[in-house]
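What's in data35.txt: compact mmCIF, C-alpha atoms and all ligand atoms
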```txt
# COMPACT_ATOMS: atom_id res chain seq x y z
CA MET A 185 -8.85 17.19 -1.50
CA ASP A 186 -7.97 16.50 2.10
CA CYS A 187 -6.33 13.11 1.61
CA LEU A 188 -3.39 11.96 3.74
CA PHE A 189 -1.86 9.71 1.08
CA CYS A 190 -2.27 12.34 -1.68
CA LYS A 191 -0.32 14.69 0.61
CA ILE A 192 2.36 12.03 1.13
CA VAL A 193 2.62 11.46 -2.65
CA GLU A 194 2.96 15.24 -3.15
CA GLY A 195 5.62 15.46 -0.42
CA GLU A 196 3.48 17.79 1.72
CA ILE A 197 3.63 15.24 4.54
CA PRO A 198 6.96 13.45 5.09
CA SER A 199 7.32 9.73 4.51
CA LYS A 200 10.09 7.15 4.33
CA LYS A 201 10.13 6.44 0.61
CA VAL A 202 10.91 2.88 -0.48
CA TYR A 203 9.99 2.97 -4.18
CA GLU A 204 8.53 5.33 -6.76
CA ASP A 205 7.66 5.20 -10.44
CA GLU A 206 5.30 6.96 -12.84
CA TYR A 207 2.24 5.23 -11.37
CA CYS A 208 2.88 4.44 -7.75
CA TYR A 209 4.59 5.53 -4.57
CA ALA A 210 5.66 3.21 -1.75
CA PHE A 211 6.66 4.14 1.79
CA GLU A 212 7.17 2.62 5.23
CA ASP A 213 3.99 2.21 7.31
CA ILE A 214 4.18 4.51 10.34
CA ALA A 215 3.02 1.67 12.65
CA PRO A 216 4.66 -1.49 11.28
CA ILE A 217 3.23 -4.87 12.27
CA ALA A 218 6.17 -6.84 10.86
CA PRO A 219 9.87 -6.24 10.05
CA VAL A 220 8.78 -5.26 6.53
CA HIS A 221 5.55 -3.23 6.30
CA ILE A 222 5.36 -1.00 3.24
CA LEU A 223 2.36 0.81 1.77
CA PHE A 224 1.94 1.02 -2.02
CA VAL A 225 -0.42 3.69 -3.32
CA PRO A 226 -1.42 4.90 -6.77
CA LYS A 227 -0.15 8.45 -7.39
CA LYS A 228 -3.56 9.36 -8.77
CA HIS A 229 -6.23 9.30 -6.09
CA ILE A 230 -8.54 6.25 -5.96
CA GLY A 231 -10.65 6.05 -2.80
CA GLY A 232 -10.40 2.30 -2.30
CA ALA A 233 -10.68 -1.08 -3.98
CA CYS A 234 -14.42 -0.48 -4.40
CA ASP A 235 -13.59 2.41 -6.72
CA ILE A 236 -11.51 0.33 -9.16
CA THR A 237 -13.07 0.40 -12.63
CA ALA A 238 -12.16 -0.54 -16.19
CA GLU A 239 -10.83 3.02 -16.59
CA ASN A 240 -8.36 2.98 -13.69
CA SER A 241 -7.59 -0.70 -13.02
CA ALA A 242 -4.31 -0.80 -14.99
CA VAL A 243 -2.55 0.91 -12.10
CA VAL A 244 -3.25 -2.12 -9.90
CA GLY A 245 -1.10 -4.29 -12.17
CA LYS A 246 1.64 -1.67 -12.08
CA ILE A 247 1.47 -1.60 -8.29
CA TYR A 248 1.74 -5.39 -8.09
CA GLU A 249 4.81 -5.27 -10.35
CA ALA A 250 6.34 -2.80 -7.89
CA ILE A 251 5.35 -4.96 -4.91
CA ALA A 252 7.02 -8.05 -6.40
CA LYS A 253 10.18 -6.05 -7.13
CA VAL A 254 10.40 -4.55 -3.65
CA ALA A 255 9.62 -7.91 -1.99
CA LYS A 256 12.63 -9.40 -3.82
CA GLU A 257 14.84 -6.43 -2.90
CA LYS A 258 13.82 -6.78 0.75
CA GLY A 259 14.80 -10.46 0.74
CA LEU A 260 11.31 -11.80 1.41
CA GLY A 261 11.95 -15.06 -0.43
CA ASN A 262 10.33 -17.07 2.34
CA GLY A 263 6.95 -15.45 1.76
CA TRP A 264 5.01 -12.27 2.16
CA ARG A 265 1.44 -11.01 2.20
CA VAL A 266 -0.44 -8.20 0.50
CA VAL A 267 -3.46 -6.74 2.27
CA SER A 268 -5.86 -4.10 0.98
CA ASN A 269 -8.59 -3.17 3.44
CA ASN A 270 -11.79 -1.89 1.91
CA GLY A 271 -14.53 -0.26 3.98
CA PRO A 272 -15.45 -0.29 7.69
CA ASP A 273 -15.71 -4.07 8.25
CA ALA A 274 -12.17 -4.44 6.91
CA GLY A 275 -10.87 -1.59 9.06
CA GLN A 276 -9.89 0.78 6.26
CA THR A 277 -8.73 4.01 7.91
CA VAL A 278 -7.23 5.93 4.98
CA PHE A 279 -9.52 6.34 1.99
CA HIS A 280 -6.88 6.35 -0.74
CA LEU A 281 -6.35 2.88 -2.26
CA HIS A 282 -3.32 1.19 -0.72
CA PHE A 283 -1.71 -2.20 -0.53
CA HIS A 284 0.18 -3.28 2.59
CA LEU A 285 3.25 -5.42 1.82
CA ILE A 286 3.94 -7.36 5.01
CA GLY A 287 6.75 -9.83 5.65
CA GLY A 288 9.95 -10.70 7.43
CA ARG A 289 8.37 -13.08 9.96
CA PRO A 290 5.87 -15.97 9.86
CA LEU A 291 2.53 -14.25 9.34
CA GLY A 292 0.11 -16.71 10.90
CA VAL A 293 -3.49 -17.08 9.81
CA MET A 294 -4.75 -14.66 7.23
CA VAL A 295 -7.73 -13.33 9.17
CA SER A 296 -8.47 -13.66 12.88
CA GLU A 297 -11.87 -15.05 13.84
CA GLU A 298 -12.82 -12.04 15.98
P1 LIG A 301 -5.72 0.87 6.52
O1 LIG A 301 -6.08 0.72 7.99
O2 LIG A 301 -5.71 -0.39 5.75
O3 LIG A 301 -6.53 1.98 5.88
O4 LIG A 301 -4.20 1.31 6.51
C1 LIG A 301 -3.75 2.62 6.77
C2 LIG A 301 -2.32 2.49 7.19
O5 LIG A 301 -1.72 3.76 7.07
C3 LIG A 301 -2.11 2.03 8.63
O6 LIG A 301 -1.37 0.81 8.65
C4 LIG A 301 -1.35 3.19 9.27
O7 LIG A 301 -0.38 2.77 10.19
C5 LIG A 301 -0.74 3.87 8.06
N1 LIG A 301 -0.46 5.29 8.22
C6 LIG A 301 -1.28 6.24 8.73
N2 LIG A 301 -0.67 7.45 8.67
C7 LIG A 301 0.55 7.25 8.12
C8 LIG A 301 1.65 8.10 7.79
N3 LIG A 301 1.62 9.43 8.02
N4 LIG A 301 2.75 7.54 7.23
C9 LIG A 301 2.80 6.20 7.00
N5 LIG A 301 1.80 5.37 7.28
C10 LIG A 301 0.69 5.87 7.83
ZN ZN A 302 -5.68 10.52 -2.09
```

Take the structure in the file and give it back as structure tokens.
Amino acid sequence: MDCLFCKIVEGEIPSKKVYEDEYCYAFEDIAPIAPVHILFVPKKHIGGACDITAENSAVVGKIYEAIAKVAKEKGLGNGWRVVSNNGPDAGQTVFHLHFHLIGGRPLGVMVSEE
């Protein structure tokens, strides 16, 4: 399958690894919008949040455990945000489920009105 994040998980495309366990891989976003901007992806391909089912949803809990751990390690005690874009209206550009961990500055309103 021609999937950018599968290739990153497999090491075929280089990434700046932040965290890895049996279920998930986390790496620096190539175009950070804040001092901390890390992407968390399941190692096993899921196209997006719309493809989460009873069969594969356990990995989401595992990913959130990893996010909370990394947020602490990165010193984001003042707050942070997790974003998961799903589909065209949300601006999803990579169709492998991912969670953006964003922090390190005040983040403003959650969604712009545009
Ligand atoms: P989304 O727009 O929610 O699908 O997020 C995709 C994210 O992947 C964007 O924030 C991109 O900057 C990021 N991205 C794209 N290619 C790479 C790459 N090779 N390494 C790290 N991050 C990437
Ligand atoms: Zn994939």

>> Could you check the closest approach to Cys187 (chain A) for each of A:Ser296, A:Thr277, A:Thr237, A:Asn262 and tell me which residue wins, using only C-alpha atoms?
In response: A:Thr277

Coordinates of box centre and edge lengths for ligand LIG 301 (chain A), 4 Å on every side, axis-aligned, as lines of an AutoDock Vina configuration file:
```
center_x = -1.9
center_y = 4.5
center_z = 8.0
size_x = 17.3
size_y = 17.8
size_z = 12.4
```

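When CA of Lys246 (chain A) is paired with CA of Cys208 (chain A), their separation reads 7.6 Å.
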
> Using all atoms listed in the file, which of A:Pro219, A:Gly195, A:Gly231, A:Gly292 sits nearest ligand ZN 302 (chain A)?
Replying inline: A:Gly231

> Do you know which residues are at most 9 Å from Lys201 (chain A) counting only C-alpha atoms, after dropping those on the same chain fewer than 6 positions away, and could you put them as an MDAnalysis selection string?
Replying inline: chainID A and resid 209:212

Find the residues of chain A that sit at most 8 Å from ligand LIG 301 (chain A); for each, write down the nearest two atoms and how far apart they are in Å, to one decimal. Count only C-alpha atoms and all ligand atoms. Sort by chain, then by number going up, and give it as a tab-separated table.
```
residue	atom	partner	partner_atom	distance
A:Leu188	CA	A:LIG301	N3	7.1
A:Phe189	CA	A:LIG301	C8	7.7
A:Ile192	CA	A:LIG301	N3	7.4
A:Ile197	CA	A:LIG301	N3	7.1
A:Pro198	CA	A:LIG301	N3	7.3
A:Ser199	CA	A:LIG301	N4	5.8
A:Lys200	CA	A:LIG301	C9	7.8
A:Phe211	CA	A:LIG301	C9	6.8
A:Glu212	CA	A:LIG301	C9	5.9
A:Asp213	CA	A:LIG301	N5	3.8
A:Ile214	CA	A:LIG301	N5	4.0
A:Ala215	CA	A:LIG301	O7	4.3
A:Pro216	CA	A:LIG301	O7	6.7
A:Leu223	CA	A:LIG301	N5	7.2
A:Val267	CA	A:LIG301	O2	7.6
A:Ser268	CA	A:LIG301	O2	6.0
A:Asn269	CA	A:LIG301	O2	4.6
A:Asn270	CA	A:LIG301	O2	7.3
A:Ala274	CA	A:LIG301	O2	7.7
A:Gly275	CA	A:LIG301	O1	5.4
A:Gln276	CA	A:LIG301	O3	3.6
A:Thr277	CA	A:LIG301	O3	3.6
A:Val278	CA	A:LIG301	O3	4.1
A:Phe279	CA	A:LIG301	O3	6.6
A:His280	CA	A:LIG301	O3	7.9
A:His282	CA	A:LIG301	O2	7.1
A:Phe283	CA	A:LIG301	O2	7.7
A:His284	CA	A:LIG301	O2	7.3
```

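Ranking A:Val266, A:Ile222, A:Val193, A:Ile247 by their shortest atom-to-atom distance to ligand ZN 302 (chain A), with all atoms listed in the file included, puts A:Val193 first.
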
>> I'd like the interatomic distance between CA of Asp273 (chain A) and CA of Ala233 (chain A), to a tenth of an Å.
In response: 13.6 Å

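If all atoms listed in the file are the atoms counted, then among A:Lys258, A:Phe224, A:Leu281, A:Lys253 the closest residue to ligand ZN 302 (chain A) is A:Leu281.
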
>> Measuring between only C-alpha atoms, which one of A:Ile286, A:Val220, A:Leu291, A:Val225 shows the shortest distance to Ala250 (chain A)?
In response: A:Val225
